[in-house]
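Structure file structure_17.cif with mmCIF, C-alpha atoms:
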data_coords
#
loop_
_atom_site.label_atom_id
_atom_site.label_comp_id
_atom_site.auth_asym_id
_atom_site.auth_seq_id
_atom_site.Cartn_x
_atom_site.Cartn_y
_atom_site.Cartn_z
CA MET A 26 12.99 1.35 26.64
CA ASN A 27 10.04 3.72 26.82
CA LEU A 28 6.69 2.54 28.09
CA TYR A 29 3.56 3.89 26.44
CA ASP A 30 -0.11 3.69 27.41
CA LEU A 31 -0.92 2.77 23.83
CA ILE A 32 0.90 1.83 20.65
CA ILE A 33 -0.97 1.84 17.36
CA VAL A 34 0.49 -0.37 14.62
CA GLY A 35 -0.41 0.97 11.17
CA ALA A 36 -1.60 4.31 9.79
CA GLY A 37 -4.28 3.43 7.27
CA PRO A 38 -7.89 4.52 7.86
CA ALA A 39 -8.19 2.42 11.05
CA GLY A 40 -4.84 3.45 12.57
CA ILE A 41 -5.24 7.14 11.74
CA THR A 42 -8.78 7.30 13.13
CA ALA A 43 -7.62 5.49 16.28
CA SER A 44 -4.80 8.07 16.56
CA VAL A 45 -7.21 10.99 16.29
CA TYR A 46 -9.40 9.51 19.04
CA ALA A 47 -6.38 8.69 21.24
CA ALA A 48 -5.01 12.22 20.77
CA ARG A 49 -8.34 13.75 21.74
CA LYS A 50 -8.35 11.58 24.88
CA LYS A 51 -4.82 12.89 25.54
CA MET A 52 -3.44 9.39 25.78
CA ASP A 53 0.32 8.84 25.91
CA PHE A 54 0.72 6.98 22.63
CA LEU A 55 2.89 6.22 19.64
CA VAL A 56 2.13 5.19 16.06
CA ILE A 57 4.47 2.79 14.23
CA THR A 58 3.81 2.39 10.54
CA LYS A 59 5.37 1.40 7.26
CA ASP A 60 3.40 4.04 5.35
CA ILE A 61 0.54 6.53 5.59
CA GLY A 62 -2.85 5.64 4.17
CA GLY A 63 -2.22 1.95 3.60
CA GLN A 64 -4.40 0.52 0.86
CA THR A 65 -6.35 3.81 0.65
CA ALA A 66 -3.26 5.58 -0.71
CA LEU A 67 -3.25 3.06 -3.55
CA SER A 68 -6.98 3.22 -4.31
CA TRP A 69 -8.33 5.10 -7.25
CA ASP A 70 -11.85 6.54 -7.29
CA ILE A 71 -13.70 6.44 -3.97
CA GLU A 72 -17.41 7.14 -4.20
CA ASN A 73 -18.69 5.64 -0.95
CA TYR A 74 -16.98 7.58 1.81
CA THR A 75 -19.75 9.64 3.37
CA GLY A 76 -19.35 13.37 2.91
CA TYR A 77 -17.27 12.98 -0.22
CA GLN A 78 -19.32 12.06 -3.24
CA PHE A 79 -16.08 11.58 -5.11
CA ILE A 80 -12.48 11.58 -3.93
CA THR A 81 -9.35 9.73 -5.02
CA GLY A 82 -7.39 7.50 -2.65
CA PRO A 83 -4.32 9.77 -2.54
CA GLU A 84 -6.53 12.81 -1.83
CA LEU A 85 -8.40 11.08 0.98
CA THR A 86 -5.04 9.98 2.40
CA ASP A 87 -3.90 13.63 2.43
CA LYS A 88 -7.08 14.58 4.28
CA PHE A 89 -6.45 11.84 6.85
CA LYS A 90 -2.86 12.96 7.27
CA GLU A 91 -3.89 16.61 7.67
CA HIS A 92 -6.35 15.58 10.37
CA LEU A 93 -3.69 13.55 12.18
CA GLU A 94 -1.20 16.42 12.00
CA LYS A 95 -3.65 18.71 13.82
CA PHE A 96 -2.43 16.88 16.91
CA LYS A 97 1.12 16.41 18.10
CA VAL A 98 1.39 12.70 17.39
CA ASP A 99 4.59 10.71 17.79
CA LEU A 100 4.56 9.04 14.38
CA ARG A 101 7.30 6.56 13.45
CA GLU A 102 6.93 6.34 9.69
CA GLY A 103 8.91 3.93 7.52
CA GLU A 104 9.18 1.46 10.38
CA THR A 105 7.94 -2.13 10.21
CA VAL A 106 6.81 -4.06 13.29
CA THR A 107 8.40 -7.50 13.27
CA LEU A 108 7.23 -8.91 16.61
CA LEU A 109 4.40 -8.20 19.05
CA ARG A 110 3.67 -10.28 22.13
CA LYS A 111 2.20 -9.95 25.58
CA ASP A 112 4.53 -10.59 28.46
CA LYS A 113 2.85 -10.46 31.89
CA ASN A 114 1.03 -7.11 31.97
CA LEU A 115 2.80 -5.41 29.09
CA VAL A 116 2.88 -5.79 25.35
CA GLU A 117 6.36 -5.94 23.86
CA ILE A 118 6.88 -4.68 20.33
CA GLU A 119 9.96 -5.00 18.17
CA SER A 120 10.38 -3.18 14.88
CA ASP A 121 13.15 -3.22 12.32
CA LYS A 122 14.54 -0.20 14.21
CA GLU A 123 13.64 -0.30 17.91
CA LYS A 124 12.01 -2.07 20.86
CA TYR A 125 8.98 -0.73 22.67
CA ALA A 126 6.59 -1.63 25.49
CA ALA A 127 2.97 -0.62 25.93
CA LYS A 128 0.06 -1.20 28.26
CA THR A 129 -2.34 -1.50 25.34
CA VAL A 130 -1.93 -2.01 21.60
CA ILE A 131 -4.16 -1.51 18.58
CA ILE A 132 -3.17 -3.66 15.61
CA ALA A 133 -4.30 -1.83 12.47
CA SER A 134 -1.73 -3.19 10.05
CA GLY A 135 -4.14 -3.88 7.21
CA ARG A 136 -3.52 -6.19 4.31
CA ILE A 137 -0.68 -6.70 1.84
CA PRO A 138 -0.86 -7.76 -1.82
CA ARG A 139 -0.65 -11.47 -2.51
CA LYS A 140 2.21 -12.66 -4.69
CA LEU A 141 1.85 -14.94 -7.65
CA GLY A 142 4.82 -17.13 -6.72
CA VAL A 143 6.22 -17.68 -10.21
CA GLU A 144 9.69 -17.52 -11.72
CA GLY A 145 10.70 -13.96 -12.55
CA GLU A 146 8.24 -12.28 -10.19
CA ASP A 147 10.83 -11.12 -7.64
CA GLU A 148 13.58 -10.61 -10.19
CA PHE A 149 11.49 -8.20 -12.26
CA LYS A 150 9.77 -6.35 -9.42
CA ASN A 151 9.92 -2.64 -10.35
CA ARG A 152 11.36 -3.74 -13.69
CA GLY A 153 7.92 -4.26 -15.17
CA VAL A 154 6.26 -6.28 -12.40
CA THR A 155 4.02 -4.18 -10.15
CA TYR A 156 1.29 -4.58 -7.57
CA CYS A 157 -0.18 -1.08 -7.91
CA ALA A 158 -1.90 0.01 -11.10
CA THR A 159 -2.77 3.39 -9.61
CA CYS A 160 0.86 4.18 -8.85
CA ASP A 161 2.66 2.61 -11.78
CA GLY A 162 0.07 2.64 -14.59
CA PRO A 163 1.38 5.84 -16.22
CA LEU A 164 4.84 4.23 -16.64
CA PHE A 165 3.37 1.94 -19.28
CA ALA A 166 1.85 4.54 -21.60
CA ASP A 167 1.28 3.05 -25.09
CA MET A 168 2.81 -0.30 -24.13
CA ASP A 169 1.34 -3.80 -24.04
CA VAL A 170 0.74 -5.11 -20.52
CA ALA A 171 -0.79 -8.07 -18.68
CA VAL A 172 -3.10 -7.92 -15.69
CA ILE A 173 -3.18 -11.09 -13.59
CA GLY A 174 -6.41 -11.88 -11.72
CA GLY A 175 -10.16 -11.90 -12.24
CA GLY A 176 -11.66 -10.18 -9.19
CA ASN A 177 -12.54 -6.57 -8.47
CA SER A 178 -8.96 -5.41 -8.02
CA ALA A 179 -7.85 -6.95 -11.33
CA LEU A 180 -10.78 -5.40 -13.19
CA GLU A 181 -10.26 -2.04 -11.50
CA ALA A 182 -6.63 -2.15 -12.67
CA THR A 183 -7.72 -3.13 -16.19
CA LEU A 184 -10.18 -0.23 -16.44
CA GLN A 185 -7.52 2.23 -15.28
CA LEU A 186 -5.02 0.86 -17.80
CA ILE A 187 -7.45 1.05 -20.74
CA LYS A 188 -6.96 4.83 -20.65
CA ILE A 189 -3.16 4.54 -20.65
CA THR A 190 -1.75 1.43 -22.31
CA LYS A 191 -1.96 0.01 -25.84
CA LYS A 192 -3.19 -3.53 -25.19
CA ILE A 193 -4.13 -5.43 -22.04
CA PHE A 194 -4.04 -9.19 -21.64
CA LEU A 195 -6.25 -10.11 -18.70
CA ILE A 196 -5.02 -13.47 -17.40
CA ASP A 197 -7.44 -15.26 -15.08
CA ILE A 198 -6.96 -18.72 -13.62
CA ALA A 199 -10.74 -19.28 -13.24
CA PRO A 200 -13.24 -20.04 -16.03
CA LYS A 201 -15.20 -16.82 -15.42
CA LEU A 202 -14.31 -13.29 -14.22
CA ARG A 203 -15.60 -12.72 -10.68
CA ALA A 204 -15.64 -8.90 -10.50
CA ASP A 205 -18.77 -6.73 -10.39
CA PRO A 206 -20.67 -7.19 -13.70
CA ILE A 207 -20.51 -3.47 -14.49
CA MET A 208 -16.71 -3.59 -14.52
CA VAL A 209 -16.56 -6.88 -16.41
CA ASP A 210 -18.85 -5.46 -19.14
CA LYS A 211 -16.68 -2.38 -19.57
CA ALA A 212 -13.53 -4.49 -19.85
CA VAL A 213 -14.79 -7.11 -22.29
CA ASN A 214 -16.36 -4.44 -24.48
CA SER A 215 -13.04 -2.64 -24.90
CA ASP A 216 -11.00 -3.43 -28.06
CA LYS A 217 -7.88 -3.05 -25.96
CA VAL A 218 -8.65 -5.94 -23.62
CA SER A 219 -8.10 -9.59 -24.44
CA VAL A 220 -9.35 -11.99 -21.73
CA HIS A 221 -7.56 -15.31 -21.20
CA SER A 222 -9.63 -17.46 -18.84
CA ASN A 223 -8.58 -20.82 -17.36
CA SER A 224 -5.03 -19.59 -17.81
CA LYS A 225 -2.12 -19.87 -15.44
CA VAL A 226 1.00 -17.73 -15.47
CA GLU A 227 4.01 -20.04 -15.67
CA LYS A 228 6.77 -17.45 -15.65
CA ILE A 229 7.72 -13.84 -16.26
CA TYR A 230 10.72 -13.41 -18.53
CA GLY A 231 12.98 -10.67 -19.85
CA GLU A 232 16.50 -9.32 -19.67
CA ASN A 233 16.91 -6.10 -17.68
CA PHE A 234 13.18 -5.44 -17.89
CA VAL A 235 10.10 -7.59 -18.49
CA GLN A 236 9.70 -8.72 -22.06
CA GLY A 237 6.84 -11.15 -21.66
CA ILE A 238 4.99 -13.85 -19.76
CA THR A 239 4.44 -17.53 -20.42
CA ILE A 240 0.91 -18.77 -19.77
CA SER A 241 -0.63 -22.22 -19.96
CA ARG A 242 -4.19 -23.21 -20.73
CA GLU A 243 -5.19 -26.87 -20.43
CA GLY A 244 -1.62 -27.90 -21.17
CA GLU A 245 -1.19 -25.49 -24.04
CA ILE A 246 1.77 -23.15 -23.50
CA LYS A 247 1.89 -19.66 -24.95
CA ASP A 248 4.18 -16.62 -24.72
CA LEU A 249 2.70 -13.14 -24.61
CA SER A 250 5.00 -10.23 -25.28
CA VAL A 251 4.37 -7.49 -22.66
CA GLU A 252 6.42 -4.82 -20.91
CA GLY A 253 4.30 -4.56 -17.79
CA VAL A 254 2.78 -7.19 -15.49
CA PHE A 255 0.18 -6.02 -12.98
CA ILE A 256 -0.41 -8.64 -10.30
CA GLU A 257 -3.87 -8.19 -8.81
CA ILE A 258 -4.75 -11.49 -7.14
CA GLY A 259 -5.98 -10.14 -3.84
CA SER A 260 -4.31 -9.61 -0.51
CA PHE A 261 -3.73 -11.22 2.87
CA PRO A 262 -3.83 -9.80 6.40
CA ALA A 263 -0.56 -8.44 7.83
CA SER A 264 -0.96 -10.37 11.08
CA ASN A 265 2.08 -12.65 11.17
CA PHE A 266 4.12 -10.51 13.60
CA ALA A 267 1.44 -10.78 16.34
CA LYS A 268 2.34 -13.83 18.40
CA GLY A 269 -0.44 -15.59 20.29
CA VAL A 270 -3.16 -13.36 18.86
CA GLY A 271 -6.13 -15.45 17.66
CA VAL A 272 -6.82 -15.55 13.92
CA ASN A 273 -9.39 -17.24 11.68
CA GLU A 274 -8.70 -19.61 8.78
CA TYR A 275 -7.70 -16.64 6.56
CA ARG A 276 -5.23 -15.38 9.23
CA GLU A 277 -7.50 -12.41 9.94
CA ILE A 278 -7.33 -11.39 13.62
CA THR A 279 -10.50 -12.46 15.39
CA VAL A 280 -12.17 -9.60 17.27
CA ASN A 281 -15.44 -9.15 19.14
CA CYS A 282 -17.72 -6.13 18.73
CA ARG A 283 -15.43 -4.21 21.11
CA CYS A 284 -12.36 -4.77 18.91
CA GLN A 285 -10.88 -7.03 21.61
CA THR A 286 -8.65 -9.92 20.59
CA ASN A 287 -8.18 -13.06 22.67
CA ILE A 288 -5.43 -11.25 24.64
CA PRO A 289 -6.50 -8.56 27.15
CA GLY A 290 -5.01 -5.19 26.23
CA ILE A 291 -4.47 -6.11 22.58
CA PHE A 292 -7.10 -4.64 20.28
CA ALA A 293 -7.35 -4.83 16.50
CA ALA A 294 -9.17 -2.77 13.87
CA GLY A 295 -9.69 -2.52 10.14
CA ASP A 296 -8.83 -4.87 7.29
CA VAL A 297 -6.43 -6.98 9.38
CA THR A 298 -9.44 -8.26 11.37
CA ASP A 299 -12.27 -10.68 10.58
CA VAL A 300 -14.82 -7.81 10.47
CA PRO A 301 -16.76 -8.55 7.27
CA ALA A 302 -16.79 -5.41 5.12
CA LYS A 303 -13.32 -4.40 3.96
CA GLN A 304 -14.24 -0.77 3.42
CA ILE A 305 -12.45 2.49 4.28
CA ILE A 306 -15.39 3.82 6.22
CA VAL A 307 -15.76 0.59 8.19
CA ALA A 308 -12.03 0.59 9.02
CA CYS A 309 -12.32 4.18 10.28
CA GLY A 310 -15.25 3.24 12.51
CA GLU A 311 -13.41 0.22 13.88
CA GLY A 312 -10.34 2.37 14.59
CA ALA A 313 -12.46 4.80 16.60
CA LYS A 314 -14.01 1.93 18.59
CA ALA A 315 -10.62 0.36 19.29
CA ALA A 316 -9.15 3.63 20.65
CA LEU A 317 -12.15 4.21 22.91
CA GLN A 318 -11.92 0.61 24.15
CA ALA A 319 -8.18 0.96 24.85
CA PHE A 320 -8.90 4.16 26.79
CA GLU A 321 -11.60 2.43 28.83
CA TYR A 322 -9.37 -0.59 29.45
CA LEU A 323 -6.64 1.66 30.91
CA SER A 324 -9.02 3.69 33.03
CA LYS A 325 -10.48 0.54 34.63
CA ARG A 326 -7.11 -0.97 35.49
CA LYS A 327 -4.05 0.16 37.34
CA LEU A 328 -1.20 -0.83 35.07
CA MET B 8 26.25 26.36 -4.31
CA ALA B 9 22.87 24.74 -4.09
CA LYS B 10 22.71 21.18 -5.33
CA SER B 11 20.67 20.44 -8.42
CA VAL B 12 17.68 18.26 -7.69
CA LYS B 13 15.85 16.34 -10.40
CA ILE B 14 12.92 14.07 -9.61
CA TYR B 15 11.23 11.43 -11.75
CA THR B 16 7.57 10.97 -10.88
CA THR B 17 4.12 10.11 -12.15
CA SER B 18 0.96 12.10 -11.54
CA THR B 19 -0.71 9.27 -9.64
CA CYS B 20 1.88 7.84 -7.29
CA PRO B 21 1.22 8.82 -3.68
CA TYR B 22 4.90 8.76 -2.69
CA CYS B 23 5.71 11.16 -5.53
CA ALA B 24 3.21 13.62 -4.10
CA ARG B 25 4.74 13.26 -0.65
CA LEU B 26 8.25 13.73 -2.03
CA LYS B 27 7.23 16.96 -3.77
CA ALA B 28 5.51 18.21 -0.62
CA PHE B 29 8.64 17.42 1.39
CA LEU B 30 10.95 19.32 -1.01
CA LYS B 31 8.57 22.31 -1.06
CA GLU B 32 8.37 22.32 2.73
CA LYS B 33 12.18 22.48 2.87
CA ASN B 34 12.26 25.20 0.16
CA ILE B 35 14.38 23.06 -2.15
CA PRO B 36 13.98 23.98 -5.84
CA PHE B 37 13.66 20.91 -8.06
CA GLU B 38 13.02 19.87 -11.64
CA ASN B 39 10.08 17.50 -11.96
CA LEU B 40 10.02 15.00 -14.83
CA ASP B 41 6.68 13.24 -15.33
CA VAL B 42 7.74 9.87 -16.71
CA GLY B 43 4.09 9.04 -17.52
CA GLN B 44 4.06 11.90 -20.05
CA ASP B 45 7.69 12.25 -21.05
CA LYS B 46 9.06 9.15 -22.83
CA ASN B 47 12.63 10.45 -22.90
CA ALA B 48 12.56 10.99 -19.17
CA LEU B 49 11.32 7.42 -18.68
CA VAL B 50 14.17 6.04 -20.79
CA GLU B 51 16.65 8.22 -18.89
CA MET B 52 15.30 7.01 -15.55
CA ARG B 53 15.46 3.36 -16.64
CA GLN B 54 19.07 3.80 -17.75
CA LYS B 55 20.12 5.61 -14.59
CA THR B 56 18.49 3.21 -12.15
CA GLY B 57 17.92 -0.06 -14.00
CA GLN B 58 14.38 -0.12 -12.66
CA MET B 59 10.96 1.49 -13.14
CA GLY B 60 9.77 2.30 -9.61
CA VAL B 61 8.95 5.95 -8.89
CA PRO B 62 9.81 8.32 -7.39
CA VAL B 63 13.51 8.58 -8.19
CA VAL B 64 15.56 11.49 -6.88
CA ASP B 65 18.77 12.62 -8.57
CA ILE B 66 20.79 15.00 -6.40
CA ASP B 67 23.91 16.03 -8.35
CA GLY B 68 24.14 12.51 -9.76
CA LYS B 69 23.46 10.74 -6.47
CA ILE B 70 20.42 8.51 -7.09
CA ILE B 71 17.82 7.69 -4.44
CA ILE B 72 15.07 5.25 -5.40
CA GLY B 73 11.72 5.59 -3.64
CA PHE B 74 10.68 8.25 -1.13
CA ASP B 75 13.46 7.85 1.41
CA LYS B 76 12.99 11.02 3.43
CA GLU B 77 16.08 10.52 5.59
CA ALA B 78 18.36 9.79 2.63
CA VAL B 79 17.11 12.85 0.73
CA ALA B 80 17.42 15.07 3.81
CA SER B 81 20.96 13.93 4.56
CA GLU B 82 22.07 14.32 0.94
CA LEU B 83 20.71 17.90 0.92
CA GLY B 84 21.82 18.68 4.45
CA VAL B 85 18.37 19.77 5.62
#
Would you mind writing the structure in this file as structure tokens?
Amino acid sequence: MNLYDLIIVGAGPAGITASVYAARKKMDFLVITKDIGGQTALSWDIENYTGYQFITGPELTDKFKEHLEKFKVDLREGETVTLLRKDKNLVEIESDKEKYAAKTVIIASGRIPRKLGVEGEDEFKNRGVTYCATCDGPLFADMDVAVIGGGNSALEATLQLIKITKKIFLIDIAPKLRADPIMVDKAVNSDKVSVHSNSKVEKIYGENFVQGITISREGEIKDLSVEGVFIEIGSFPASNFAKGVGVNEYREITVNCRCQTNIPGIFAAGDVTDVPAKQIIVACGEGAKAALQAFEYLSKRKL
Amino acid sequence: MAKSVKIYTTSTCPYCARLKAFLKEKNIPFENLDVGQDKNALVEMRQKTGQMGVPVVDIDGKIIIGFDKEAVASELGV
């Protein structure tokens, strides 16, 4: 088993920025990640990343990747970390493919979409059920679809789909949509969008592909015929594999202003942490801080 | 003889872009079907794979769902 100075888990904005900093410090490090770009790769229009007045998520991801590839980085893509724990002085990491050990670790594993937890959701995944409007929206050209949720991600999905699909049922469990008013106005003013508040999805049905959803409102049950179901009910931090690492009530990893967790040598950065603003630019900044802190930690100790 | 490579993609999916970049990097000619624009291609993809996730790669009838770099590389021998 190889021993590294640093292992970075994740290659979204935080993990990639940490990698760039670690490479420039000539650290002996490895990146293990499921994908490149994380949630950024799935974002649509980005208008608040300094230096780019407008860029799409996939384009910004390409820029990040280009920057990373300027350095010779040992990048293990398509690999999921299943266990991370500190044993004496070293951090042990297990993935679905290999085992590793490192003197320091940066957890930058981000967040994953929350599931609805209803009948048919797993069965029809990629058969009409999707968690990414940006990726899968074009598959539903001129069809009727449902968007589940009432926050910013649900409204962002709805606004993207207005341009593509025939009709959109927006199904929200709460009495009132909670997204930014500018998005809500655009959605409710569109003839294509029909908002169902106080409504709960009971099941997703179909044969080979989705044919509809059953919703309930104050005991009243109704079937809506749709071919696509976009589940946009938020996300949760991908922190479960990190054993012994302190988290808050939302399972976000608790860090101080130096990106340190409760365990010496284990740092965390980006959306997986309790840092308040879940923004690409904030995640990048946190990734930079975490790499510099890991470097300093190693230089102060003989490990 | 070179294998025939057909890919089913949409213009917005990040993995589709990465798949195309990978094939270009390896100098593999391919036919791209945009299932967001081409209804027939969408129907064909649904029939072939029984699902709607993109990208889908068809290498001489061998179907690979998703951007599985290793599977594509081994099928093409690159």
Could you build a table of the residues in stretch 147-238 of chain A lying no more than 10 Å from stretch 42-60 of chain B, giving for each the nearest pair of atoms and their separation in Å rounded to one decimal place, using all atoms listed in the file, ordered by chain and ascending residue number, as a tab-separated table?
residue	atom	partner	partner_atom	distance
A:Phe149	CA	B:Gln58	CA	8.6
A:Lys150	CA	B:Gln58	CA	8.4
A:Asn151	CA	B:Gly60	CA	5.0
A:Arg152	CA	B:Gln58	CA	4.8
A:Gly153	CA	B:Met59	CA	6.8
A:Val154	CA	B:Met59	CA	9.1
A:Thr155	CA	B:Gly60	CA	8.7
A:Cys160	CA	B:Gly60	CA	9.1
A:Asp161	CA	B:Gly60	CA	7.4
A:Gly162	CA	B:Gly43	CA	8.1
A:Pro163	CA	B:Gly43	CA	4.4
A:Leu164	CA	B:Gly43	CA	4.9
A:Phe165	CA	B:Gly43	CA	7.4
A:Ala166	CA	B:Gly43	CA	6.5
A:Ile189	CA	B:Gly43	CA	9.1
A:Asn233	CA	B:Gly57	CA	7.1
A:Phe234	CA	B:Gln58	CA	7.6
Please list as a list of chain:residue names every residue within 8 Å of stretch 284-294 of chain A, counting only C-alpha atoms and excluding residues in the same chain fewer than 6 positions away. A:Ala39, A:Gly40, A:Lys111, A:Val116, A:Lys128, A:Thr129, A:Val130, A:Ile131, A:Ile132, A:Ala133, A:Gly269, A:Val270, A:Gly271, A:Ile278, A:Ala308, A:Glu311, A:Gly312, A:Lys314, A:Ala315, A:Gln318, A:Ala319, A:Tyr322
Do you know which residues are at most 8 Å from A:Pro138 counting all atoms listed in the file, after dropping those on the same chain fewer than 6 positions away, and could you put them as a ChimeraX atom specification? /A:156,257-261
So how far away is atom CA of A:Thr279 from atom CA of A:Thr298, in Å?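 Interatomic distance, atom CA of A:Thr298 to atom CA of A:Thr279: 5.9 Å.
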Explicit residues for the PyMOL selection byres ((chain A and resi 84) around 10) (as a list of chain:residue names): A:Thr65, A:Ala66, A:Ser68, A:Trp69, A:Asp70, A:Ile71, A:Ile80, A:Thr81, A:Gly82, A:Pro83, A:Leu85, A:Thr86, A:Asp87, A:Lys88, A:Phe89, A:Lys90, B:Pro21
Put those residues in a file: C-alpha atoms, as a PDB file, keeping the file's coordinate frame.
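What follows is the written file out21.pdb:
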ATOM      1  CA  THR A  65      -6.350   3.810   0.650  1.00  0.00           C
ATOM      2  CA  ALA A  66      -3.260   5.580  -0.710  1.00  0.00           C
ATOM      3  CA  SER A  68      -6.980   3.220  -4.310  1.00  0.00           C
ATOM      4  CA  TRP A  69      -8.330   5.100  -7.250  1.00  0.00           C
ATOM      5  CA  ASP A  70     -11.850   6.540  -7.290  1.00  0.00           C
ATOM      6  CA  ILE A  71     -13.700   6.440  -3.970  1.00  0.00           C
ATOM      7  CA  ILE A  80     -12.480  11.580  -3.930  1.00  0.00           C
ATOM      8  CA  THR A  81      -9.350   9.730  -5.020  1.00  0.00           C
ATOM      9  CA  GLY A  82      -7.390   7.500  -2.650  1.00  0.00           C
ATOM     10  CA  PRO A  83      -4.320   9.770  -2.540  1.00  0.00           C
ATOM     11  CA  LEU A  85      -8.400  11.080   0.980  1.00  0.00           C
ATOM     12  CA  THR A  86      -5.040   9.980   2.400  1.00  0.00           C
ATOM     13  CA  ASP A  87      -3.900  13.630   2.430  1.00  0.00           C
ATOM     14  CA  LYS A  88      -7.080  14.580   4.280  1.00  0.00           C
ATOM     15  CA  PHE A  89      -6.450  11.840   6.850  1.00  0.00           C
ATOM     16  CA  LYS A  90      -2.860  12.960   7.270  1.00  0.00           C
TER      17      LYS A  90
ATOM     18  CA  PRO B  21       1.220   8.820  -3.680  1.00  0.00           C
TER      19      PRO B  21
END
Can you translate the PyMOL selection byres ((chain A and resi 199-212) around 6) into the concrete residues it hits in this file, as a PyMOL selection string? chain A and resi 175-177+197-198+213-215+222-223
Quick check, in Å to one decimal: how far apart do atom CA of A:Lys95 and atom CA of A:Val307 lie?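 Straight-line distance from atom CA of A:Lys95 to atom CA of A:Val307 works out to 22.5 Å.
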Could you expand the PyMOL selection byres ((chain A and resi 55) around 9) into the explicit residues it covers here, written as a ChimeraX atom specification? /A:29-34,44,53-54,56-57,98-101
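Between atom CA of A:Leu195 and atom CA of A:Leu180 lies a distance of 8.5 Å.
Taking all atoms listed in the file into account, the protein, DNA and RNA residues within 10 Å of (11.5, -12.5, -19.5) read Glu144, Gly145, Glu146, Glu148, Phe149, Gly153, Lys228, Ile229, Tyr230, Gly231, Glu232, Asn233, Phe234, Val235, Gln236, Gly237, Ile238, Thr239, Asp248, Ser250, Val251 and Glu252 of chain A.
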Considering all atoms listed in the file, return as number ranges by chain whatever protein or nucleic-acid residues lie within 12 Å of stretch 68-76 of chain B, sequence-local ones (same chain, fewer than 3 positions apart) excluded. A: 59-60, 102-104, 151; B: 10-16, 20-30, 33, 52-65, 79-85
Among the residues A:Ala263, A:Gln185, A:Leu141, A:Lys192, the one that comes closest to chain B [using all atoms listed in the file]: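 Counting all atoms listed in the file, the residue closest to chain B is A:Gln185.
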Nearest residue to chain B from the set A:Val220, A:Ala316, A:Met168, A:Ile193 (distances using all atoms listed in the file):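 Under the stated criterion, the closest residue is A:Met168.
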